[in-house]
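Here is the file work_6.cif (mmCIF, N, CA, C and O atoms).
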```
data_input
#
loop_
_atom_site.label_atom_id
_atom_site.label_comp_id
_atom_site.auth_asym_id
_atom_site.auth_seq_id
_atom_site.Cartn_x
_atom_site.Cartn_y
_atom_site.Cartn_z
N MET Y 1 0.09 -65.93 36.38
CA MET Y 1 -0.68 -66.97 35.74
C MET Y 1 -0.50 -68.25 36.55
O MET Y 1 0.63 -68.61 36.89
N THR Y 2 -1.57 -68.91 36.83
CA THR Y 2 -1.49 -70.17 37.56
C THR Y 2 -1.13 -71.31 36.62
O THR Y 2 -1.26 -71.19 35.39
N LYS Y 3 -0.70 -72.40 37.18
CA LYS Y 3 -0.37 -73.58 36.37
C LYS Y 3 -1.61 -74.04 35.60
O LYS Y 3 -1.52 -74.37 34.41
N GLN Y 4 -2.76 -74.06 36.27
CA GLN Y 4 -3.98 -74.50 35.59
C GLN Y 4 -4.36 -73.57 34.45
O GLN Y 4 -4.78 -74.02 33.39
N GLU Y 5 -4.20 -72.26 34.66
CA GLU Y 5 -4.50 -71.31 33.59
C GLU Y 5 -3.57 -71.56 32.40
O GLU Y 5 -4.00 -71.52 31.24
N PHE Y 6 -2.30 -71.82 32.67
CA PHE Y 6 -1.36 -72.12 31.60
C PHE Y 6 -1.80 -73.37 30.84
O PHE Y 6 -1.85 -73.38 29.61
N LEU Y 7 -2.15 -74.42 31.58
CA LEU Y 7 -2.58 -75.66 30.93
C LEU Y 7 -3.85 -75.46 30.11
O LEU Y 7 -3.99 -76.03 29.02
N ASP Y 8 -4.77 -74.64 30.60
CA ASP Y 8 -5.98 -74.33 29.83
C ASP Y 8 -5.63 -73.61 28.53
O ASP Y 8 -6.20 -73.90 27.47
N ARG Y 9 -4.69 -72.69 28.60
CA ARG Y 9 -4.28 -71.97 27.39
C ARG Y 9 -3.53 -72.89 26.42
O ARG Y 9 -3.70 -72.79 25.21
N VAL Y 10 -2.72 -73.78 26.95
CA VAL Y 10 -2.03 -74.77 26.11
C VAL Y 10 -3.07 -75.64 25.41
O VAL Y 10 -2.97 -75.89 24.20
N GLN Y 11 -4.05 -76.10 26.16
CA GLN Y 11 -5.09 -76.94 25.57
C GLN Y 11 -5.85 -76.17 24.47
O GLN Y 11 -6.17 -76.73 23.43
N ALA Y 12 -6.09 -74.90 24.67
CA ALA Y 12 -6.77 -74.08 23.66
C ALA Y 12 -5.93 -73.98 22.39
O ALA Y 12 -6.47 -74.05 21.28
N VAL Y 13 -4.62 -73.83 22.55
CA VAL Y 13 -3.72 -73.78 21.39
C VAL Y 13 -3.74 -75.11 20.67
O VAL Y 13 -3.83 -75.17 19.43
N ILE Y 14 -3.67 -76.19 21.42
CA ILE Y 14 -3.70 -77.53 20.83
C ILE Y 14 -4.97 -77.70 20.00
O ILE Y 14 -4.92 -78.16 18.85
N GLU Y 15 -6.09 -77.32 20.56
CA GLU Y 15 -7.36 -77.46 19.86
C GLU Y 15 -7.44 -76.54 18.65
O GLU Y 15 -7.93 -76.93 17.58
N SER Y 16 -6.95 -75.30 18.79
CA SER Y 16 -7.03 -74.35 17.67
C SER Y 16 -6.12 -74.76 16.51
O SER Y 16 -6.40 -74.43 15.36
N GLU Y 17 -5.06 -75.48 16.81
CA GLU Y 17 -4.15 -75.94 15.76
C GLU Y 17 -4.55 -77.30 15.21
O GLU Y 17 -3.88 -77.84 14.33
N GLY Y 18 -5.63 -77.86 15.75
CA GLY Y 18 -6.15 -79.13 15.25
C GLY Y 18 -5.27 -80.33 15.56
O GLY Y 18 -5.30 -81.32 14.84
N ILE Y 19 -4.50 -80.23 16.62
CA ILE Y 19 -3.65 -81.36 17.02
C ILE Y 19 -4.55 -82.39 17.68
O ILE Y 19 -5.29 -82.09 18.61
N LYS Y 20 -4.48 -83.60 17.21
CA LYS Y 20 -5.37 -84.67 17.68
C LYS Y 20 -4.74 -85.47 18.81
O LYS Y 20 -3.53 -85.67 18.86
N ASP Y 21 -5.58 -85.92 19.71
CA ASP Y 21 -5.22 -86.87 20.76
C ASP Y 21 -4.05 -86.42 21.64
O ASP Y 21 -3.21 -87.22 22.03
N VAL Y 22 -3.98 -85.13 21.92
CA VAL Y 22 -2.95 -84.61 22.81
C VAL Y 22 -3.63 -83.87 23.95
O VAL Y 22 -4.55 -83.10 23.74
N LYS Y 23 -3.18 -84.13 25.15
CA LYS Y 23 -3.73 -83.47 26.34
C LYS Y 23 -2.62 -82.65 26.97
O LYS Y 23 -1.49 -83.12 27.11
N ALA Y 24 -2.93 -81.42 27.34
CA ALA Y 24 -1.94 -80.54 27.96
C ALA Y 24 -1.50 -81.09 29.30
O ALA Y 24 -2.32 -81.53 30.10
N GLY Y 25 -0.20 -81.03 29.56
CA GLY Y 25 0.36 -81.44 30.84
C GLY Y 25 1.76 -80.89 30.99
O GLY Y 25 2.44 -80.63 30.00
N ILE Y 26 2.19 -80.70 32.25
CA ILE Y 26 3.52 -80.17 32.51
C ILE Y 26 3.90 -80.48 33.96
O ILE Y 26 3.05 -80.46 34.85
N SER Y 27 5.18 -80.76 34.18
CA SER Y 27 5.65 -81.01 35.54
C SER Y 27 5.74 -79.69 36.31
O SER Y 27 5.81 -78.62 35.71
N ASP Y 28 5.75 -79.80 37.62
CA ASP Y 28 5.89 -78.59 38.45
C ASP Y 28 7.21 -77.88 38.17
O ASP Y 28 7.26 -76.65 38.10
N ASN Y 29 8.28 -78.65 37.99
CA ASN Y 29 9.59 -78.07 37.73
C ASN Y 29 9.60 -77.32 36.40
O ASN Y 29 10.11 -76.19 36.32
N ASP Y 30 9.03 -77.93 35.36
CA ASP Y 30 8.97 -77.25 34.07
C ASP Y 30 8.06 -76.02 34.14
O ASP Y 30 8.35 -74.99 33.53
N TYR Y 31 6.99 -76.11 34.91
CA TYR Y 31 6.11 -74.95 35.02
C TYR Y 31 6.82 -73.77 35.69
O TYR Y 31 6.59 -72.62 35.33
N GLU Y 32 7.71 -74.04 36.65
CA GLU Y 32 8.48 -72.96 37.26
C GLU Y 32 9.28 -72.20 36.20
O GLU Y 32 9.36 -70.97 36.24
N SER Y 33 9.86 -72.93 35.25
CA SER Y 33 10.60 -72.29 34.16
C SER Y 33 9.66 -71.50 33.26
O SER Y 33 9.98 -70.38 32.85
N VAL Y 34 8.50 -72.05 32.97
CA VAL Y 34 7.51 -71.35 32.16
C VAL Y 34 7.11 -70.04 32.83
O VAL Y 34 7.06 -68.98 32.19
N GLU Y 35 6.86 -70.09 34.12
CA GLU Y 35 6.44 -68.90 34.86
C GLU Y 35 7.54 -67.84 34.87
O GLU Y 35 7.28 -66.65 34.71
N LEU Y 36 8.78 -68.27 35.06
CA LEU Y 36 9.92 -67.34 35.04
C LEU Y 36 10.03 -66.65 33.68
O LEU Y 36 10.15 -65.42 33.61
N VAL Y 37 9.95 -67.43 32.61
CA VAL Y 37 10.05 -66.86 31.26
C VAL Y 37 8.86 -65.97 30.97
O VAL Y 37 9.01 -64.86 30.44
N TYR Y 38 7.68 -66.42 31.31
CA TYR Y 38 6.47 -65.63 31.07
C TYR Y 38 6.55 -64.27 31.79
O TYR Y 38 6.20 -63.24 31.23
N THR Y 39 7.05 -64.27 32.99
CA THR Y 39 7.09 -63.07 33.81
C THR Y 39 8.22 -62.12 33.43
O THR Y 39 8.03 -60.91 33.41
N TRP Y 40 9.40 -62.66 33.09
CA TRP Y 40 10.58 -61.81 32.99
C TRP Y 40 11.22 -61.70 31.61
O TRP Y 40 12.00 -60.77 31.38
N HIS Y 41 10.98 -62.62 30.70
CA HIS Y 41 11.69 -62.56 29.42
C HIS Y 41 11.27 -61.33 28.63
O HIS Y 41 10.07 -61.07 28.47
N PRO Y 42 12.24 -60.54 28.13
CA PRO Y 42 11.89 -59.29 27.44
C PRO Y 42 11.14 -59.49 26.12
O PRO Y 42 10.49 -58.55 25.65
N ALA Y 43 11.19 -60.67 25.54
CA ALA Y 43 10.47 -60.91 24.28
C ALA Y 43 9.01 -61.29 24.49
O ALA Y 43 8.23 -61.30 23.54
N ILE Y 44 8.64 -61.57 25.73
CA ILE Y 44 7.26 -61.95 26.02
C ILE Y 44 6.47 -60.68 26.31
O ILE Y 44 6.81 -59.91 27.20
N SER Y 45 5.41 -60.49 25.56
CA SER Y 45 4.59 -59.29 25.65
C SER Y 45 3.88 -59.18 26.99
O SER Y 45 3.42 -60.18 27.55
N GLU Y 46 3.76 -57.95 27.48
CA GLU Y 46 2.97 -57.73 28.70
C GLU Y 46 1.48 -57.83 28.40
O GLU Y 46 0.68 -58.03 29.32
N VAL Y 47 1.10 -57.70 27.15
CA VAL Y 47 -0.30 -57.75 26.76
C VAL Y 47 -0.73 -59.16 26.35
O VAL Y 47 -1.76 -59.65 26.80
N ASN Y 48 0.06 -59.81 25.51
CA ASN Y 48 -0.31 -61.13 24.97
C ASN Y 48 0.60 -62.25 25.46
O ASN Y 48 0.68 -63.30 24.84
N GLY Y 49 1.27 -62.03 26.58
CA GLY Y 49 2.26 -62.99 27.05
C GLY Y 49 1.73 -64.37 27.35
O GLY Y 49 2.39 -65.37 27.08
N LYS Y 50 0.53 -64.46 27.89
CA LYS Y 50 -0.02 -65.78 28.23
C LYS Y 50 -0.22 -66.62 26.98
O LYS Y 50 0.09 -67.82 26.97
N GLU Y 51 -0.71 -65.99 25.93
CA GLU Y 51 -0.91 -66.70 24.68
C GLU Y 51 0.44 -67.07 24.05
O GLU Y 51 0.60 -68.17 23.52
N GLN Y 52 1.40 -66.14 24.12
CA GLN Y 52 2.71 -66.39 23.53
C GLN Y 52 3.40 -67.58 24.19
O GLN Y 52 3.93 -68.45 23.49
N ILE Y 53 3.41 -67.62 25.51
CA ILE Y 53 4.11 -68.70 26.19
C ILE Y 53 3.43 -70.04 25.96
O ILE Y 53 4.09 -71.06 25.79
N ALA Y 54 2.10 -70.05 25.89
CA ALA Y 54 1.38 -71.29 25.59
C ALA Y 54 1.71 -71.78 24.19
O ALA Y 54 1.94 -72.98 23.97
N LYS Y 55 1.75 -70.87 23.24
CA LYS Y 55 2.06 -71.23 21.85
C LYS Y 55 3.50 -71.72 21.73
O LYS Y 55 3.77 -72.71 21.04
N LEU Y 56 4.42 -71.04 22.40
CA LEU Y 56 5.81 -71.52 22.40
C LEU Y 56 5.90 -72.94 22.93
O LEU Y 56 6.61 -73.78 22.36
N TYR Y 57 5.20 -73.20 24.01
CA TYR Y 57 5.23 -74.53 24.62
C TYR Y 57 4.68 -75.58 23.67
O TYR Y 57 5.27 -76.65 23.50
N VAL Y 58 3.57 -75.29 23.02
CA VAL Y 58 2.96 -76.26 22.09
C VAL Y 58 3.85 -76.44 20.86
O VAL Y 58 4.10 -77.57 20.43
N ASP Y 59 4.32 -75.34 20.29
CA ASP Y 59 5.06 -75.43 19.03
C ASP Y 59 6.48 -75.93 19.18
O ASP Y 59 6.99 -76.60 18.28
N PHE Y 60 7.14 -75.60 20.30
CA PHE Y 60 8.56 -75.93 20.42
C PHE Y 60 8.93 -76.74 21.66
O PHE Y 60 10.07 -77.19 21.77
N GLY Y 61 8.03 -76.87 22.60
CA GLY Y 61 8.30 -77.65 23.80
C GLY Y 61 9.18 -76.92 24.80
O GLY Y 61 9.45 -75.73 24.66
N MET Y 62 9.62 -77.65 25.77
CA MET Y 62 10.40 -77.05 26.86
C MET Y 62 11.81 -76.65 26.44
O MET Y 62 12.43 -75.82 27.09
N SER Y 63 12.32 -77.19 25.34
CA SER Y 63 13.70 -76.84 24.96
C SER Y 63 13.85 -75.35 24.70
O SER Y 63 14.82 -74.73 25.16
N VAL Y 64 12.91 -74.74 24.01
CA VAL Y 64 12.99 -73.30 23.74
C VAL Y 64 12.79 -72.51 25.04
O VAL Y 64 13.52 -71.56 25.31
N ILE Y 65 11.83 -72.91 25.83
CA ILE Y 65 11.58 -72.21 27.09
C ILE Y 65 12.79 -72.34 28.01
O ILE Y 65 13.21 -71.36 28.63
N SER Y 66 13.40 -73.50 28.05
CA SER Y 66 14.60 -73.70 28.87
C SER Y 66 15.74 -72.79 28.41
O SER Y 66 16.49 -72.25 29.23
N ASP Y 67 15.86 -72.60 27.09
CA ASP Y 67 16.88 -71.70 26.57
C ASP Y 67 16.61 -70.25 26.94
O ASP Y 67 17.53 -69.43 26.98
N MET Y 68 15.38 -69.91 27.22
CA MET Y 68 15.00 -68.54 27.56
C MET Y 68 15.16 -68.23 29.05
O MET Y 68 15.08 -67.07 29.47
N VAL Y 69 15.40 -69.24 29.87
CA VAL Y 69 15.46 -69.08 31.32
C VAL Y 69 16.61 -68.15 31.74
O VAL Y 69 16.42 -67.27 32.57
N SER Y 70 17.80 -68.32 31.18
CA SER Y 70 18.95 -67.50 31.59
C SER Y 70 18.69 -66.02 31.35
O SER Y 70 18.95 -65.19 32.23
N ARG Y 71 18.17 -65.67 30.19
CA ARG Y 71 17.89 -64.27 29.90
C ARG Y 71 16.81 -63.74 30.85
O ARG Y 71 16.85 -62.59 31.29
N SER Y 72 15.85 -64.58 31.16
CA SER Y 72 14.78 -64.18 32.08
C SER Y 72 15.32 -63.90 33.48
O SER Y 72 14.92 -62.92 34.12
N ARG Y 73 16.23 -64.73 33.94
CA ARG Y 73 16.84 -64.51 35.26
C ARG Y 73 17.62 -63.21 35.30
O ARG Y 73 17.54 -62.44 36.26
N ILE Y 74 18.40 -62.96 34.25
CA ILE Y 74 19.17 -61.71 34.19
C ILE Y 74 18.22 -60.52 34.15
O ILE Y 74 18.44 -59.51 34.83
N MET Y 75 17.15 -60.63 33.37
CA MET Y 75 16.19 -59.53 33.28
C MET Y 75 15.55 -59.27 34.64
O MET Y 75 15.39 -58.12 35.04
N ARG Y 76 15.21 -60.34 35.37
CA ARG Y 76 14.63 -60.18 36.71
C ARG Y 76 15.61 -59.44 37.62
O ARG Y 76 15.22 -58.53 38.36
N GLU Y 77 16.90 -59.82 37.57
CA GLU Y 77 17.91 -59.14 38.39
C GLU Y 77 18.04 -57.68 38.02
O GLU Y 77 18.13 -56.80 38.89
N LYS Y 78 18.06 -57.38 36.72
CA LYS Y 78 18.21 -56.00 36.27
C LYS Y 78 16.99 -55.16 36.64
O LYS Y 78 17.12 -54.00 37.04
N GLU Y 79 15.80 -55.72 36.53
CA GLU Y 79 14.57 -55.00 36.92
C GLU Y 79 14.58 -54.71 38.42
O GLU Y 79 14.19 -53.63 38.85
N THR Y 80 15.03 -55.67 39.21
CA THR Y 80 15.11 -55.49 40.65
C THR Y 80 16.11 -54.39 40.99
O THR Y 80 15.83 -53.51 41.82
N GLU Y 81 17.26 -54.43 40.34
CA GLU Y 81 18.27 -53.39 40.56
C GLU Y 81 17.74 -52.02 40.13
O GLU Y 81 17.93 -51.02 40.83
N PHE Y 82 17.05 -51.97 39.00
CA PHE Y 82 16.48 -50.71 38.51
C PHE Y 82 15.49 -50.14 39.52
O PHE Y 82 15.53 -48.95 39.82
N ARG Y 83 14.60 -50.99 40.05
CA ARG Y 83 13.62 -50.51 41.04
C ARG Y 83 14.30 -49.99 42.29
O ARG Y 83 13.89 -48.98 42.86
N ARG Y 84 15.37 -50.67 42.72
CA ARG Y 84 16.11 -50.23 43.90
C ARG Y 84 16.75 -48.86 43.64
O ARG Y 84 16.65 -47.95 44.47
N LEU Y 85 17.37 -48.72 42.49
CA LEU Y 85 18.00 -47.44 42.15
C LEU Y 85 16.97 -46.34 41.96
O LEU Y 85 17.19 -45.19 42.37
N GLN Y 86 15.83 -46.68 41.37
CA GLN Y 86 14.75 -45.70 41.18
C GLN Y 86 14.25 -45.22 42.54
O GLN Y 86 14.00 -44.03 42.73
N SER Y 87 14.14 -46.13 43.49
CA SER Y 87 13.70 -45.77 44.83
C SER Y 87 14.71 -44.82 45.49
O SER Y 87 14.33 -43.83 46.11
N SER Y 88 16.00 -45.13 45.33
CA SER Y 88 17.04 -44.25 45.89
C SER Y 88 17.01 -42.88 45.23
O SER Y 88 17.15 -41.85 45.91
N LEU Y 89 16.79 -42.86 43.93
CA LEU Y 89 16.71 -41.59 43.21
C LEU Y 89 15.50 -40.78 43.69
O LEU Y 89 15.61 -39.57 43.90
N ASN Y 90 14.38 -41.44 43.88
CA ASN Y 90 13.19 -40.74 44.38
C ASN Y 90 13.43 -40.17 45.78
O ASN Y 90 13.00 -39.06 46.09
N GLU Y 91 14.12 -40.91 46.62
CA GLU Y 91 14.45 -40.42 47.96
C GLU Y 91 15.37 -39.20 47.88
O GLU Y 91 15.17 -38.21 48.58
N LEU Y 92 16.35 -39.27 46.99
CA LEU Y 92 17.26 -38.15 46.80
C LEU Y 92 16.51 -36.92 46.30
O LEU Y 92 16.74 -35.81 46.79
N ARG Y 93 15.59 -37.11 45.36
CA ARG Y 93 14.79 -35.98 44.88
C ARG Y 93 13.97 -35.36 46.01
O ARG Y 93 13.83 -34.14 46.09
N GLY Y 94 13.44 -36.21 46.87
CA GLY Y 94 12.69 -35.71 48.03
C GLY Y 94 13.56 -34.89 48.95
O GLY Y 94 13.14 -33.83 49.44
N ASP Y 95 14.78 -35.37 49.19
CA ASP Y 95 15.72 -34.61 50.03
C ASP Y 95 16.02 -33.25 49.40
O ASP Y 95 16.06 -32.23 50.10
N ILE Y 96 16.24 -33.23 48.11
CA ILE Y 96 16.52 -31.96 47.42
C ILE Y 96 15.34 -31.01 47.56
O ILE Y 96 15.52 -29.82 47.85
N GLU Y 97 14.15 -31.52 47.37
CA GLU Y 97 12.95 -30.68 47.51
C GLU Y 97 12.80 -30.16 48.94
O GLU Y 97 12.44 -29.01 49.15
N ASP Y 98 13.08 -31.03 49.92
CA ASP Y 98 13.02 -30.59 51.32
C ASP Y 98 14.01 -29.47 51.58
O ASP Y 98 13.70 -28.48 52.27
N LEU Y 99 15.23 -29.62 51.05
CA LEU Y 99 16.25 -28.58 51.24
C LEU Y 99 15.81 -27.27 50.59
O LEU Y 99 16.01 -26.20 51.14
N LYS Y 100 15.20 -27.35 49.42
CA LYS Y 100 14.71 -26.15 48.75
C LYS Y 100 13.60 -25.48 49.55
O LYS Y 100 13.48 -24.26 49.54
N LYS Y 101 12.80 -26.29 50.26
CA LYS Y 101 11.69 -25.75 51.06
C LYS Y 101 12.16 -25.20 52.39
O LYS Y 101 11.39 -24.58 53.11
N GLY Y 102 13.41 -25.47 52.74
CA GLY Y 102 13.96 -24.91 53.96
C GLY Y 102 13.79 -25.76 55.20
O GLY Y 102 13.83 -25.23 56.30
N VAL Y 103 13.62 -27.06 55.05
CA VAL Y 103 13.51 -27.90 56.25
C VAL Y 103 14.80 -27.85 57.04
O VAL Y 103 15.86 -27.49 56.51
N SER Y 104 14.72 -28.23 58.29
CA SER Y 104 15.88 -28.18 59.18
C SER Y 104 17.02 -29.03 58.63
O SER Y 104 16.83 -30.15 58.17
N LEU Y 105 18.23 -28.47 58.68
CA LEU Y 105 19.40 -29.19 58.21
C LEU Y 105 19.77 -30.33 59.15
O LEU Y 105 20.54 -31.22 58.76
N ASP Y 106 19.23 -30.35 60.35
CA ASP Y 106 19.55 -31.39 61.32
C ASP Y 106 19.21 -32.78 60.77
O ASP Y 106 19.91 -33.75 61.07
N MET Y 107 18.17 -32.88 59.96
CA MET Y 107 17.79 -34.20 59.46
C MET Y 107 18.78 -34.74 58.42
O MET Y 107 18.75 -35.90 58.06
N PHE Y 108 19.70 -33.89 57.92
CA PHE Y 108 20.67 -34.31 56.92
C PHE Y 108 22.06 -34.50 57.51
O PHE Y 108 22.95 -34.96 56.81
N ARG Y 109 22.22 -34.16 58.76
CA ARG Y 109 23.54 -34.29 59.39
C ARG Y 109 23.74 -35.74 59.82
O ARG Y 109 22.84 -36.39 60.33
N GLU Y 110 24.95 -36.22 59.64
CA GLU Y 110 25.27 -37.61 59.98
C GLU Y 110 26.14 -37.73 61.23
O GLU Y 110 26.66 -38.78 61.52
N ASP Y 111 26.35 -36.64 61.99
CA ASP Y 111 27.21 -36.74 63.17
C ASP Y 111 26.46 -37.15 64.39
O ASP Y 111 25.63 -37.67 64.68
#
```

Go through the file and emit its structure as structure tokens.
Amino acid sequence: MTKQEFLDRVQAVIESEGIKDVKAGISDNDYESVELVYTWHPAISEVNGKEQIAKLYVDFGMSVISDMVSRSRIMREKETEFRRLQSSLNELRGDIEDLKKGVSLDMFRED
């Protein structure tokens, strides 16, 4: 989600809630936190996440989003580790299948 798309969604929430005389705005630094939480926090839906993060921002401000940053960072690290391990597991499965098919053992020797 781009910063402008986020601001458009925030403005839509503001208008839908009937908040008067408020214009959506956010600093680049705060938007980085919003993007991190939107992308990685496990409570943010993959389907409705853009609406959720905009509503959180309007209803609670940056304090709630800032509190969500640590969990989002940990989740990003765990997802990265999971993908790395999944890749290693897939490679290992491929090696096992190759061995079952009778490929040359030379490709598995480390000497």

### Query
Quick one: of Y:Lys20, Y:Lys55, Y:Arg71, Y:Arg9, who's nearest to Y:Trp40, counting only C-alpha atoms?
Y:Arg71

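Note that atom CA of Y:Tyr31 and atom CA of Y:Ile65 are 10.0 Å apart.
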
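Excluding Y:Pro42 itself and any same-chain residue fewer than 5 positions from it, the protein and nucleic acid residues within 8 Å of it, counting all atoms listed in the file, are Leu36, Val37, Met68, Arg71, Ser72, Met75 and Arg76 of chain Y.
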
Taking N, CA, C and O atoms for each residue, export the selection above as a short mmCIF file (atom, residue, chain, number, x, y, z; two decimals), in the frame of the given file.
```
data_model
loop_
_atom_site.label_atom_id
_atom_site.label_comp_id
_atom_site.auth_asym_id
_atom_site.auth_seq_id
_atom_site.Cartn_x
_atom_site.Cartn_y
_atom_site.Cartn_z
N LEU Y 36 8.78 -68.27 35.06
CA LEU Y 36 9.92 -67.34 35.04
C LEU Y 36 10.03 -66.65 33.68
O LEU Y 36 10.15 -65.42 33.61
N VAL Y 37 9.95 -67.43 32.61
CA VAL Y 37 10.05 -66.86 31.26
C VAL Y 37 8.86 -65.97 30.97
O VAL Y 37 9.01 -64.86 30.44
N MET Y 68 15.38 -69.91 27.22
CA MET Y 68 15.00 -68.54 27.56
C MET Y 68 15.16 -68.23 29.05
O MET Y 68 15.08 -67.07 29.47
N ARG Y 71 18.17 -65.67 30.19
CA ARG Y 71 17.89 -64.27 29.90
C ARG Y 71 16.81 -63.74 30.85
O ARG Y 71 16.85 -62.59 31.29
N SER Y 72 15.85 -64.58 31.16
CA SER Y 72 14.78 -64.18 32.08
C SER Y 72 15.32 -63.90 33.48
O SER Y 72 14.92 -62.92 34.12
N MET Y 75 17.15 -60.63 33.37
CA MET Y 75 16.19 -59.53 33.28
C MET Y 75 15.55 -59.27 34.64
O MET Y 75 15.39 -58.12 35.04
N ARG Y 76 15.21 -60.34 35.37
CA ARG Y 76 14.63 -60.18 36.71
C ARG Y 76 15.61 -59.44 37.62
O ARG Y 76 15.22 -58.53 38.36
#
```

### Backbone-only DSSP, alpha helix (DSSP H) members of stretch 14-59 of chain Y, as a ChimeraX atom specification
/Y:14-16,28-40,49-59

Return as JSON the box centre and box size in Å, one decimal, for an axis-aligned box around all listed atoms of stretch 16-27 of chain Y padded by 8 Å per side.
```
{"center_x": -0.6, "center_y": -80.8, "center_z": 25.3, "size_x": 28.8, "size_y": 28.9, "size_z": 38.0}
```

### All residues 12 Å or closer to Y:Val34, only C-alpha atoms, same chain fewer than 2 positions away omitted, as a PyMOL selection string
chain Y and resi 1-3+6-7+10+26-32+36-41+44+49-50+52-57+61-69+72-73

Can you patch up stretch 28-34 of chain Y, filling it in to all heavy atoms, and show the result as a PDB file, keeping the file's coordinate frame?
```pdb
ATOM      1  N   ASP Y  28       5.750 -79.800  37.620  1.00  0.00           N
ATOM      2  CA  ASP Y  28       5.890 -78.590  38.450  1.00  0.00           C
ATOM      3  C   ASP Y  28       7.210 -77.880  38.170  1.00  0.00           C
ATOM      4  O   ASP Y  28       7.260 -76.650  38.100  1.00  0.00           O
ATOM      5  CB  ASP Y  28       5.800 -78.941  39.938  1.00  0.00           C
ATOM      6  CG  ASP Y  28       4.396 -79.334  40.368  1.00  0.00           C
ATOM      7  OD1 ASP Y  28       3.433 -79.034  39.621  1.00  0.00           O
ATOM      8  OD2 ASP Y  28       4.260 -79.927  41.458  1.00  0.00           O
ATOM      9  N   ASN Y  29       8.280 -78.650  37.990  1.00  0.00           N
ATOM     10  CA  ASN Y  29       9.590 -78.070  37.730  1.00  0.00           C
ATOM     11  C   ASN Y  29       9.600 -77.320  36.400  1.00  0.00           C
ATOM     12  O   ASN Y  29      10.110 -76.190  36.320  1.00  0.00           O
ATOM     13  CB  ASN Y  29      10.656 -79.177  37.725  1.00  0.00           C
ATOM     14  CG  ASN Y  29      12.055 -78.621  37.718  1.00  0.00           C
ATOM     15  OD1 ASN Y  29      12.358 -77.699  38.461  1.00  0.00           O
ATOM     16  ND2 ASN Y  29      12.906 -79.180  36.881  1.00  0.00           N
ATOM     17  N   ASP Y  30       9.030 -77.930  35.360  1.00  0.00           N
ATOM     18  CA  ASP Y  30       8.970 -77.250  34.070  1.00  0.00           C
ATOM     19  C   ASP Y  30       8.060 -76.020  34.140  1.00  0.00           C
ATOM     20  O   ASP Y  30       8.350 -74.990  33.530  1.00  0.00           O
ATOM     21  CB  ASP Y  30       8.478 -78.189  32.971  1.00  0.00           C
ATOM     22  CG  ASP Y  30       9.549 -79.155  32.500  1.00  0.00           C
ATOM     23  OD1 ASP Y  30      10.731 -78.961  32.850  1.00  0.00           O
ATOM     24  OD2 ASP Y  30       9.200 -80.110  31.772  1.00  0.00           O
ATOM     25  N   TYR Y  31       6.990 -76.110  34.910  1.00  0.00           N
ATOM     26  CA  TYR Y  31       6.110 -74.950  35.020  1.00  0.00           C
ATOM     27  C   TYR Y  31       6.820 -73.770  35.690  1.00  0.00           C
ATOM     28  O   TYR Y  31       6.590 -72.620  35.330  1.00  0.00           O
ATOM     29  CB  TYR Y  31       4.802 -75.263  35.770  1.00  0.00           C
ATOM     30  CG  TYR Y  31       3.971 -74.013  35.881  1.00  0.00           C
ATOM     31  CD1 TYR Y  31       3.344 -73.484  34.761  1.00  0.00           C
ATOM     32  CD2 TYR Y  31       3.891 -73.304  37.073  1.00  0.00           C
ATOM     33  CE1 TYR Y  31       2.645 -72.293  34.829  1.00  0.00           C
ATOM     34  CE2 TYR Y  31       3.197 -72.108  37.153  1.00  0.00           C
ATOM     35  CZ  TYR Y  31       2.575 -71.617  36.026  1.00  0.00           C
ATOM     36  OH  TYR Y  31       1.906 -70.432  36.093  1.00  0.00           O
ATOM     37  N   GLU Y  32       7.710 -74.040  36.650  1.00  0.00           N
ATOM     38  CA  GLU Y  32       8.480 -72.960  37.260  1.00  0.00           C
ATOM     39  C   GLU Y  32       9.280 -72.200  36.200  1.00  0.00           C
ATOM     40  O   GLU Y  32       9.360 -70.970  36.240  1.00  0.00           O
ATOM     41  CB  GLU Y  32       9.422 -73.510  38.334  1.00  0.00           C
ATOM     42  CG  GLU Y  32       8.727 -73.909  39.620  1.00  0.00           C
ATOM     43  CD  GLU Y  32       9.707 -74.421  40.665  1.00  0.00           C
ATOM     44  OE1 GLU Y  32      10.876 -73.957  40.677  1.00  0.00           O
ATOM     45  OE2 GLU Y  32       9.301 -75.277  41.463  1.00  0.00           O
ATOM     46  N   SER Y  33       9.860 -72.930  35.250  1.00  0.00           N
ATOM     47  CA  SER Y  33      10.600 -72.290  34.160  1.00  0.00           C
ATOM     48  C   SER Y  33       9.660 -71.500  33.260  1.00  0.00           C
ATOM     49  O   SER Y  33       9.980 -70.380  32.850  1.00  0.00           O
ATOM     50  CB  SER Y  33      11.344 -73.340  33.319  1.00  0.00           C
ATOM     51  OG  SER Y  33      12.346 -73.970  34.084  1.00  0.00           O
ATOM     52  N   VAL Y  34       8.500 -72.050  32.970  1.00  0.00           N
ATOM     53  CA  VAL Y  34       7.510 -71.350  32.160  1.00  0.00           C
ATOM     54  C   VAL Y  34       7.110 -70.040  32.830  1.00  0.00           C
ATOM     55  O   VAL Y  34       7.060 -68.980  32.190  1.00  0.00           O
ATOM     56  CB  VAL Y  34       6.256 -72.238  31.914  1.00  0.00           C
ATOM     57  CG1 VAL Y  34       5.085 -71.421  31.394  1.00  0.00           C
ATOM     58  CG2 VAL Y  34       6.591 -73.378  30.970  1.00  0.00           C
TER      59      VAL Y  34
END
```
